[in-house]
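Visitor: Next comes the structure file protein01.cif, holding mmCIF, N, CA, C and O atoms.
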data_entry
#
loop_
_atom_site.label_atom_id
_atom_site.label_comp_id
_atom_site.auth_asym_id
_atom_site.auth_seq_id
_atom_site.Cartn_x
_atom_site.Cartn_y
_atom_site.Cartn_z
N MET M 312 95.27 79.58 122.77
CA MET M 312 94.24 80.09 123.65
C MET M 312 93.47 81.19 122.93
O MET M 312 94.05 82.15 122.44
N ALA M 313 92.19 81.02 122.83
CA ALA M 313 91.35 82.02 122.19
C ALA M 313 91.16 83.21 123.13
O ALA M 313 90.87 83.04 124.31
N GLN M 314 91.37 84.39 122.59
CA GLN M 314 91.20 85.59 123.39
C GLN M 314 89.75 86.05 123.29
O GLN M 314 89.12 85.93 122.26
N THR M 315 89.25 86.61 124.36
CA THR M 315 87.85 87.01 124.41
C THR M 315 87.72 88.53 124.38
O THR M 315 88.68 89.27 124.59
N TYR M 316 86.47 88.95 124.17
CA TYR M 316 86.15 90.38 124.20
C TYR M 316 86.60 90.99 125.53
O TYR M 316 87.20 92.07 125.55
N ASP M 317 86.33 90.29 126.62
CA ASP M 317 86.68 90.81 127.94
C ASP M 317 88.18 91.03 128.08
O ASP M 317 88.62 92.04 128.62
N PHE M 318 88.98 90.08 127.60
CA PHE M 318 90.43 90.21 127.67
C PHE M 318 90.89 91.46 126.93
O PHE M 318 91.65 92.28 127.47
N TYR M 319 90.44 91.59 125.68
CA TYR M 319 90.85 92.74 124.88
C TYR M 319 90.37 94.06 125.48
O TYR M 319 91.08 95.06 125.48
N SER M 320 89.17 94.04 126.01
CA SER M 320 88.61 95.25 126.61
C SER M 320 89.41 95.66 127.86
O SER M 320 89.67 96.85 128.07
N GLU M 321 89.80 94.68 128.65
CA GLU M 321 90.62 94.98 129.84
C GLU M 321 91.96 95.58 129.44
O GLU M 321 92.45 96.51 130.08
N ARG M 322 92.56 95.03 128.38
CA ARG M 322 93.84 95.57 127.91
C ARG M 322 93.67 97.00 127.41
O ARG M 322 94.53 97.85 127.64
N ALA M 323 92.57 97.27 126.72
CA ALA M 323 92.30 98.63 126.23
C ALA M 323 92.13 99.59 127.39
O ALA M 323 92.66 100.71 127.38
N ASP M 324 91.42 99.16 128.42
CA ASP M 324 91.23 100.00 129.61
C ASP M 324 92.56 100.28 130.29
O ASP M 324 92.81 101.40 130.74
N ALA M 325 93.42 99.26 130.35
CA ALA M 325 94.74 99.44 130.97
C ALA M 325 95.58 100.43 130.17
O ALA M 325 96.27 101.28 130.75
N ALA M 326 95.51 100.33 128.86
CA ALA M 326 96.26 101.27 128.01
C ALA M 326 95.73 102.69 128.17
O ALA M 326 96.52 103.65 128.23
N ALA M 327 94.42 102.83 128.28
CA ALA M 327 93.82 104.17 128.47
C ALA M 327 94.27 104.76 129.80
O ALA M 327 94.60 105.95 129.88
N ALA M 328 94.31 103.92 130.83
CA ALA M 328 94.76 104.40 132.15
C ALA M 328 96.22 104.81 132.10
O ALA M 328 96.61 105.84 132.68
N ALA M 329 97.03 104.02 131.40
CA ALA M 329 98.46 104.36 131.28
C ALA M 329 98.63 105.66 130.50
O ALA M 329 99.51 106.46 130.84
N ALA M 330 97.82 105.87 129.49
CA ALA M 330 97.91 107.11 128.71
C ALA M 330 97.55 108.31 129.58
O ALA M 330 98.16 109.37 129.47
N GLU M 331 96.57 108.13 130.44
CA GLU M 331 96.14 109.21 131.32
C GLU M 331 97.25 109.59 132.31
O GLU M 331 97.42 110.77 132.65
N LYS M 332 97.99 108.60 132.77
CA LYS M 332 99.05 108.83 133.75
C LYS M 332 100.36 109.30 133.13
O LYS M 332 101.23 109.79 133.84
N ALA M 333 100.50 109.12 131.82
CA ALA M 333 101.77 109.43 131.16
C ALA M 333 102.08 110.92 131.22
O ALA M 333 101.20 111.76 131.03
N THR M 334 103.33 111.22 131.50
CA THR M 334 103.75 112.62 131.52
C THR M 334 104.45 112.99 130.21
O THR M 334 104.47 114.17 129.84
N LEU M 335 104.98 112.01 129.51
CA LEU M 335 105.65 112.27 128.24
C LEU M 335 104.66 112.10 127.10
O LEU M 335 103.88 111.15 127.06
N ALA M 336 104.70 113.03 126.16
CA ALA M 336 103.75 113.01 125.04
C ALA M 336 103.89 111.74 124.21
O ALA M 336 102.88 111.15 123.80
N ASN M 337 105.13 111.30 123.95
CA ASN M 337 105.30 110.11 123.12
C ASN M 337 104.77 108.85 123.80
O ASN M 337 104.23 107.96 123.15
N VAL M 338 104.88 108.78 125.11
CA VAL M 338 104.35 107.64 125.86
C VAL M 338 102.82 107.68 125.82
O VAL M 338 102.16 106.66 125.60
N ARG M 339 102.25 108.85 126.01
CA ARG M 339 100.80 109.01 125.96
C ARG M 339 100.27 108.59 124.59
O ARG M 339 99.30 107.85 124.47
N GLU M 340 100.93 109.05 123.53
CA GLU M 340 100.51 108.71 122.17
C GLU M 340 100.63 107.20 121.92
O GLU M 340 99.74 106.61 121.30
N ARG M 341 101.68 106.59 122.40
CA ARG M 341 101.86 105.15 122.25
C ARG M 341 100.74 104.39 122.94
O ARG M 341 100.16 103.45 122.39
N GLU M 342 100.41 104.80 124.15
CA GLU M 342 99.34 104.12 124.90
C GLU M 342 97.98 104.34 124.25
O GLU M 342 97.14 103.43 124.25
N LEU M 343 97.76 105.52 123.69
CA LEU M 343 96.49 105.77 122.99
C LEU M 343 96.38 104.91 121.73
O LEU M 343 95.29 104.40 121.41
N ARG M 344 97.51 104.74 121.02
CA ARG M 344 97.50 103.84 119.86
C ARG M 344 97.23 102.41 120.30
O ARG M 344 96.48 101.67 119.66
N SER M 345 97.84 102.03 121.40
CA SER M 345 97.63 100.70 121.95
C SER M 345 96.16 100.50 122.32
O SER M 345 95.56 99.46 122.00
N GLU M 346 95.58 101.49 122.97
CA GLU M 346 94.16 101.40 123.33
C GLU M 346 93.29 101.22 122.10
O GLU M 346 92.39 100.38 122.07
N LYS M 347 93.57 101.99 121.07
CA LYS M 347 92.79 101.91 119.83
C LYS M 347 92.88 100.50 119.23
O LYS M 347 91.87 99.94 118.79
N THR M 348 94.07 99.93 119.23
CA THR M 348 94.26 98.59 118.69
C THR M 348 93.52 97.55 119.52
O THR M 348 92.84 96.68 118.97
N TRP M 349 93.64 97.64 120.85
CA TRP M 349 92.95 96.69 121.72
C TRP M 349 91.43 96.79 121.55
O TRP M 349 90.73 95.78 121.54
N ARG M 350 90.92 98.00 121.40
CA ARG M 350 89.47 98.17 121.21
C ARG M 350 89.02 97.54 119.88
O ARG M 350 87.97 96.92 119.80
N ALA M 351 89.84 97.72 118.84
CA ALA M 351 89.51 97.11 117.55
C ALA M 351 89.50 95.59 117.67
O ALA M 351 88.62 94.92 117.12
N LEU M 352 90.47 95.04 118.39
CA LEU M 352 90.51 93.59 118.60
C LEU M 352 89.30 93.12 119.41
O LEU M 352 88.74 92.05 119.13
N ALA M 353 88.88 93.92 120.38
CA ALA M 353 87.71 93.56 121.19
C ALA M 353 86.46 93.53 120.31
O ALA M 353 85.64 92.60 120.41
N GLU M 354 86.32 94.53 119.46
CA GLU M 354 85.17 94.57 118.56
C GLU M 354 85.17 93.38 117.60
O GLU M 354 84.14 92.78 117.34
N GLN M 355 86.35 93.04 117.10
CA GLN M 355 86.47 91.90 116.20
C GLN M 355 86.11 90.60 116.92
O GLN M 355 85.40 89.75 116.37
N ALA M 356 86.59 90.44 118.15
CA ALA M 356 86.27 89.24 118.93
C ALA M 356 84.77 89.15 119.18
O ALA M 356 84.18 88.06 119.12
N GLN M 357 84.15 90.28 119.46
CA GLN M 357 82.70 90.32 119.68
C GLN M 357 81.95 89.88 118.43
O GLN M 357 81.02 89.09 118.48
N LYS M 358 82.38 90.40 117.28
CA LYS M 358 81.73 90.06 116.01
C LYS M 358 81.91 88.58 115.70
O LYS M 358 80.95 87.92 115.28
N VAL M 359 83.08 88.05 115.91
CA VAL M 359 83.32 86.63 115.65
C VAL M 359 82.41 85.78 116.55
O VAL M 359 81.80 84.82 116.09
N SER M 360 82.30 86.16 117.79
CA SER M 360 81.44 85.43 118.72
C SER M 360 79.99 85.47 118.27
O SER M 360 79.29 84.44 118.28
N GLU M 361 79.52 86.64 117.85
CA GLU M 361 78.15 86.77 117.37
C GLU M 361 77.93 85.97 116.09
O GLU M 361 76.90 85.30 115.94
N ASP M 362 78.91 86.00 115.18
CA ASP M 362 78.80 85.24 113.93
C ASP M 362 78.76 83.74 114.20
O ASP M 362 78.01 83.01 113.55
N ARG M 363 79.57 83.29 115.15
CA ARG M 363 79.56 81.86 115.49
C ARG M 363 78.21 81.44 116.08
O ARG M 363 77.70 80.39 115.74
N ALA M 364 77.66 82.27 116.94
CA ALA M 364 76.36 81.95 117.54
C ALA M 364 75.27 81.92 116.46
O ALA M 364 74.41 81.03 116.47
N LYS M 365 75.32 82.87 115.53
CA LYS M 365 74.35 82.91 114.44
C LYS M 365 74.47 81.67 113.56
O LYS M 365 73.46 81.04 113.21
N ALA M 366 75.69 81.29 113.22
CA ALA M 366 75.92 80.11 112.38
C ALA M 366 75.44 78.84 113.08
O ALA M 366 74.83 77.97 112.46
N GLU M 367 75.69 78.75 114.37
CA GLU M 367 75.24 77.58 115.14
C GLU M 367 73.72 77.51 115.18
O GLU M 367 73.13 76.43 115.02
N ALA M 368 73.06 78.64 115.35
CA ALA M 368 71.60 78.67 115.35
C ALA M 368 71.05 78.24 113.99
O ALA M 368 70.06 77.49 113.93
N GLU M 369 71.69 78.69 112.93
CA GLU M 369 71.27 78.29 111.59
C GLU M 369 71.46 76.79 111.38
O GLU M 369 70.60 76.12 110.79
N ARG M 370 72.57 76.23 111.85
CA ARG M 370 72.81 74.79 111.74
C ARG M 370 71.76 74.00 112.51
O ARG M 370 71.25 73.00 112.03
N GLU M 371 71.44 74.47 113.70
CA GLU M 371 70.43 73.80 114.52
C GLU M 371 69.06 73.83 113.83
O GLU M 371 68.35 72.83 113.82
N ALA M 372 68.71 74.97 113.25
CA ALA M 372 67.44 75.09 112.54
C ALA M 372 67.40 74.15 111.34
O ALA M 372 66.39 73.50 111.07
N ARG M 373 68.52 74.07 110.63
CA ARG M 373 68.61 73.18 109.46
C ARG M 373 68.48 71.72 109.90
O ARG M 373 67.77 70.94 109.26
N ARG M 374 69.15 71.35 110.99
CA ARG M 374 69.05 69.97 111.50
C ARG M 374 67.62 69.64 111.91
O ARG M 374 67.14 68.54 111.65
N ALA M 375 66.97 70.60 112.56
CA ALA M 375 65.58 70.37 113.00
C ALA M 375 64.67 70.20 111.78
O ALA M 375 63.80 69.33 111.77
N ALA M 376 64.87 71.01 110.75
CA ALA M 376 64.05 70.90 109.54
C ALA M 376 64.31 69.57 108.84
O ALA M 376 63.36 68.92 108.36
N GLU M 377 65.55 69.14 108.80
CA GLU M 377 65.88 67.84 108.19
C GLU M 377 65.28 66.69 108.99
O GLU M 377 64.82 65.70 108.40
N ALA M 378 65.25 66.80 110.29
CA ALA M 378 64.68 65.76 111.13
C ALA M 378 63.16 65.65 110.90
O ALA M 378 62.61 64.55 110.85
N VAL M 379 62.50 66.79 110.74
CA VAL M 379 61.06 66.80 110.48
C VAL M 379 60.78 66.20 109.10
O VAL M 379 59.85 65.42 108.93
N ASN M 380 61.59 66.57 108.11
CA ASN M 380 61.42 66.06 106.75
C ASN M 380 61.73 64.58 106.64
O ASN M 380 61.19 63.89 105.79
N ALA M 381 62.60 64.07 107.50
CA ALA M 381 62.99 62.66 107.45
C ALA M 381 61.88 61.77 108.01
O ALA M 381 61.84 60.59 107.73
N GLU M 382 61.01 62.34 108.79
CA GLU M 382 59.95 61.52 109.40
C GLU M 382 58.87 61.18 108.46
O GLU M 382 58.48 61.37 107.50
#
Let me see whether you can do it: turn the structure in this file into structure tokens.

Guide:
Amino acid sequence: MAQTYDFYSERADAAAAAAEKATLANVRERELRSEKTWRALAEQAQKVSEDRAKAEAEREARRAAEAVNAE
């Protein structure tokens, strides 16, 4: 199952909320590290999605140019 930006972002938000509620310093630090990791994963998922869309647009443009040249 491919994970999406929204999934990772929700997990980061949940970790941030848990860090805010934590009374123990080590738990708060763990949740903040978790949030940082989830946010990085969300950014990576966003970039992959954007790169895929860009590559698909380039393929479509190439196909259209080849179709025009074939005529």

Visitor: For region 343-349 of chain M, please output as a compact mmCIF listing (two decimals) with N, CA, C and O atoms, in the coordinates of the input all residues within 4.5 Å (counting only N, CA, C and O atoms; exclusion window: fewer than 3 positions along the same chain).

Guide:
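Output file around.txt is given in full below:
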# COMPACT_ATOMS: atom_id res chain seq x y z
N TYR M 319 90.44 91.59 125.68
CA TYR M 319 90.85 92.74 124.88
C TYR M 319 90.37 94.06 125.48
O TYR M 319 91.08 95.06 125.48
N ALA M 323 92.57 97.27 126.72
CA ALA M 323 92.30 98.63 126.23
C ALA M 323 92.13 99.59 127.39
O ALA M 323 92.66 100.71 127.38
N ARG M 339 102.25 108.85 126.01
CA ARG M 339 100.80 109.01 125.96
C ARG M 339 100.27 108.59 124.59
O ARG M 339 99.30 107.85 124.47
N GLU M 340 100.93 109.05 123.53
CA GLU M 340 100.51 108.71 122.17
C GLU M 340 100.63 107.20 121.92
O GLU M 340 99.74 106.61 121.30
N LEU M 352 90.47 95.04 118.39
CA LEU M 352 90.51 93.59 118.60
C LEU M 352 89.30 93.12 119.41
O LEU M 352 88.74 92.05 119.13
N ALA M 353 88.88 93.92 120.38
CA ALA M 353 87.71 93.56 121.19
C ALA M 353 86.46 93.53 120.31
O ALA M 353 85.64 92.60 120.41

Visitor: Hey, can you check how far atom O of Gln357 (chain M) sits from atom C of Thr315 (chain M)?

Guide: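 Those two atoms sit 8.9 Å apart.
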
Visitor: Find, counting only C-alpha atoms, the residue in M:Ala326, M:Ala364, M:Ala372, M:Ala381 that gets nearest to Arg350 (chain M).

Guide: M:Ala326

Visitor: Have a look at atom O of Tyr316 (chain M) and atom O of Ala351 (chain M) and let me know their distance in Å, one decimal.

Guide: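 Computing the Euclidean distance for atom O of Tyr316 (chain M) and atom O of Ala351 (chain M) yields 9.0 Å.
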
Visitor: Taking all listed atoms of region 345-363 of chain M, build the axis-aligned box, pad each of the six sides by 5 Å, then write its centre and edge lengths in Å to one decimal as lines of an AutoDock Vina configuration file.

Guide:
center_x = 87.4
center_y = 91.2
center_z = 118.4
size_x = 30.9
size_y = 31.6
size_z = 19.8

Visitor: Rounded to one decimal, what separation in Å do you get between atom N of Ala327 (chain M) and atom N of Gln355 (chain M)?

Guide: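 Distance between the two atoms: 16.9 Å.
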